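Q: Structure in C-alpha cells, see below.
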Amino acid sequence: MKLAEVVKQCNLELTPTDTSLDREVTGGYCSDLLSDVMAHGRKGNIWITLQAHPNIIAVAVLKELSAIVLVNGRKPDGETINKARSEKVPLLMSELSAFDLIGQLYGLGLRGTL
C-alpha cells in the first residue's frame with residue numbers, strides 16, 4: 001500500500017509538507033525505544049511512536065522506514081522537522097492514541113513485522 005493512501009485513510013498530517021508520499025508501506029512497528037526499532041523495524045515499515053526528537057529521523061534513515069507517525073497529538077520541534085526535510089523522511093502526526101491508530105492500520109491490511 002502506498003503511503004499516500006495510508007495518510008488519506010487515517011487522516012494523518014504531514015510535515016514537512018514537501019516530502020513525497022510515493023513510498024510503499026510494507027507493514028508497521030510500534031515502539032518508543034529507539035534501540036527496539038533499530039533491532040526490529042523492517043525496511044518499508046511505518047513507525048508509530050510518541051518520540052518527537054531529532055534522533056527518530058536517524059533511526060528511520062538507518063532502517064529505511066517508509067514514515068514515522070507521532071501519536072497522541074505530539075508535534076515535532078523545528079530541529080526534528082528540518083532533519084526530516086533534509087533526510088526526506090515523511091513525518092506524520094495523528095491525534096489518535098497508538099492503540100487506535102494501529103487498529104486503523106490493521107483494518108487497512110497492514111500487519112506488524114516481527
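Here, A, B, ... name the chains of the C-alpha cells in the order displayed, residue numbers run from 1 inside each chain, and ligands are numbered from 1 in the same displayed order.
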Fewer than 6 positions away in the same chain doesn't count, so skip those; otherwise give me all residues within 8 Å of region 80-91 of chain A, counting only C-alpha atoms, as a ChimeraX atom specification.
A: /A:14-16,18-21,52-55,57,60-61,66-70
Q: Please provide the set of residues having any atom within 12 Å of Thr26 (chain A), restricted to only C-alpha atoms, with same-chain residues fewer than 2 positions apart removed, written as a count of residues only.
A: 27
Q: Report the residues of chain A whose backbone DSSP state falls under helix (DSSP H, G or I), written as a ChimeraX atom specification.
A: /A:3-10,34-40,55-63,78-87,98-107
Q: Grab the residues selected above and save them as a short mmCIF file (atom, residue, chain, number, x, y, z; two decimals), in the first residue's frame with N, CA and C atoms.
A:
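Saved file selection-v2.cif follows:
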data_model
loop_
_atom_site.label_atom_id
_atom_site.label_comp_id
_atom_site.auth_asym_id
_atom_site.auth_seq_id
_atom_site.Cartn_x
_atom_site.Cartn_y
_atom_site.Cartn_z
N LEU A 3 2.06 5.04 0.82
CA LEU A 3 1.97 5.90 1.98
C LEU A 3 0.87 6.95 1.81
N ALA A 4 0.70 7.47 0.61
CA ALA A 4 -0.34 8.48 0.37
C ALA A 4 -1.72 7.94 0.74
N GLU A 5 -1.97 6.68 0.48
CA GLU A 5 -3.26 6.08 0.82
C GLU A 5 -3.42 5.95 2.33
N VAL A 6 -2.34 5.59 3.02
CA VAL A 6 -2.38 5.50 4.48
C VAL A 6 -2.69 6.87 5.07
N VAL A 7 -2.02 7.90 4.58
CA VAL A 7 -2.24 9.27 5.07
C VAL A 7 -3.70 9.67 4.88
N LYS A 8 -4.23 9.38 3.72
CA LYS A 8 -5.62 9.74 3.42
C LYS A 8 -6.60 8.97 4.30
N GLN A 9 -6.44 7.66 4.36
CA GLN A 9 -7.38 6.80 5.09
C GLN A 9 -7.35 7.03 6.60
N CYS A 10 -6.20 7.40 7.13
CA CYS A 10 -6.05 7.57 8.59
C CYS A 10 -6.06 9.04 9.00
N LEU A 34 14.19 3.62 20.82
CA LEU A 34 14.95 3.67 19.57
C LEU A 34 15.71 2.37 19.33
N SER A 35 16.31 1.81 20.37
CA SER A 35 17.07 0.57 20.21
C SER A 35 16.17 -0.58 19.77
N ASP A 36 14.92 -0.58 20.23
CA ASP A 36 13.97 -1.62 19.83
C ASP A 36 13.63 -1.50 18.35
N VAL A 37 13.42 -0.29 17.89
CA VAL A 37 13.12 -0.06 16.46
C VAL A 37 14.33 -0.43 15.61
N MET A 38 15.53 -0.10 16.10
CA MET A 38 16.74 -0.47 15.35
C MET A 38 16.88 -1.99 15.26
N ALA A 39 16.45 -2.69 16.29
CA ALA A 39 16.56 -4.15 16.29
C ALA A 39 15.45 -4.84 15.50
N HIS A 40 14.24 -4.27 15.51
CA HIS A 40 13.10 -5.00 14.96
C HIS A 40 12.36 -4.32 13.81
N ASN A 55 16.45 12.41 16.90
CA ASN A 55 17.05 11.08 16.75
C ASN A 55 16.14 10.07 16.07
N ILE A 56 14.83 10.32 16.09
CA ILE A 56 13.92 9.39 15.40
C ILE A 56 14.16 9.39 13.90
N ILE A 57 14.59 10.52 13.38
CA ILE A 57 14.86 10.62 11.93
C ILE A 57 16.06 9.75 11.58
N ALA A 58 17.10 9.78 12.40
CA ALA A 58 18.28 8.96 12.14
C ALA A 58 17.93 7.48 12.13
N VAL A 59 17.07 7.06 13.05
CA VAL A 59 16.66 5.65 13.09
C VAL A 59 15.86 5.30 11.84
N ALA A 60 14.96 6.18 11.42
CA ALA A 60 14.16 5.92 10.22
C ALA A 60 15.04 5.78 8.98
N VAL A 61 16.07 6.61 8.88
CA VAL A 61 17.00 6.52 7.75
C VAL A 61 17.79 5.22 7.81
N LEU A 62 18.31 4.90 8.99
CA LEU A 62 19.09 3.67 9.19
C LEU A 62 18.30 2.42 8.79
N LYS A 63 17.02 2.37 9.18
CA LYS A 63 16.19 1.19 8.93
C LYS A 63 15.39 1.28 7.63
N GLY A 78 11.17 22.29 15.60
CA GLY A 78 11.77 22.74 14.35
C GLY A 78 12.99 21.94 13.94
N GLU A 79 13.81 21.55 14.90
CA GLU A 79 15.01 20.78 14.58
C GLU A 79 14.65 19.42 13.98
N THR A 80 13.64 18.78 14.54
CA THR A 80 13.19 17.48 14.03
C THR A 80 12.61 17.62 12.63
N ILE A 81 11.82 18.66 12.42
CA ILE A 81 11.24 18.91 11.09
C ILE A 81 12.33 19.17 10.07
N ASN A 82 13.32 19.97 10.42
CA ASN A 82 14.42 20.27 9.49
C ASN A 82 15.21 19.01 9.15
N LYS A 83 15.45 18.16 10.15
CA LYS A 83 16.17 16.92 9.90
C LYS A 83 15.34 15.99 9.01
N ALA A 84 14.03 15.93 9.24
CA ALA A 84 13.15 15.12 8.39
C ALA A 84 13.20 15.62 6.95
N ARG A 85 13.18 16.92 6.78
CA ARG A 85 13.24 17.51 5.43
C ARG A 85 14.56 17.16 4.76
N SER A 86 15.66 17.34 5.45
CA SER A 86 16.97 17.09 4.83
C SER A 86 17.18 15.62 4.50
N GLU A 87 16.58 14.73 5.29
CA GLU A 87 16.73 13.28 5.05
C GLU A 87 15.57 12.71 4.23
N ALA A 98 -1.84 5.49 20.04
CA ALA A 98 -1.18 4.45 19.26
C ALA A 98 -2.12 3.27 19.06
N PHE A 99 -2.84 2.88 20.09
CA PHE A 99 -3.76 1.75 20.02
C PHE A 99 -4.81 1.95 18.92
N ASP A 100 -5.44 3.12 18.93
CA ASP A 100 -6.49 3.39 17.93
C ASP A 100 -5.92 3.49 16.52
N LEU A 101 -4.78 4.14 16.36
CA LEU A 101 -4.18 4.25 15.03
C LEU A 101 -3.77 2.89 14.49
N ILE A 102 -3.17 2.07 15.34
CA ILE A 102 -2.77 0.73 14.90
C ILE A 102 -3.99 -0.07 14.48
N GLY A 103 -5.09 0.09 15.18
CA GLY A 103 -6.33 -0.57 14.77
C GLY A 103 -6.76 -0.15 13.38
N GLN A 104 -6.66 1.13 13.08
CA GLN A 104 -6.99 1.61 11.72
C GLN A 104 -6.05 1.01 10.68
N LEU A 105 -4.75 1.02 10.99
CA LEU A 105 -3.77 0.47 10.05
C LEU A 105 -4.01 -1.01 9.81
N TYR A 106 -4.35 -1.73 10.86
CA TYR A 106 -4.66 -3.16 10.74
C TYR A 106 -5.89 -3.35 9.85
N GLY A 107 -6.87 -2.48 10.03
CA GLY A 107 -8.07 -2.52 9.19
C GLY A 107 -7.79 -2.26 7.72
#
Q: May I ask for the distance between CA of Leu92 (chain A) and CA of Leu12 (chain A), given in Å to one decimal place?
A: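 These atoms are spaced 6.0 Å apart.
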Q: To one decimal in Å, tell me the separation between CA of Thr49 (chain A) and CA of Asn11 (chain A).
A: 16.5 Å
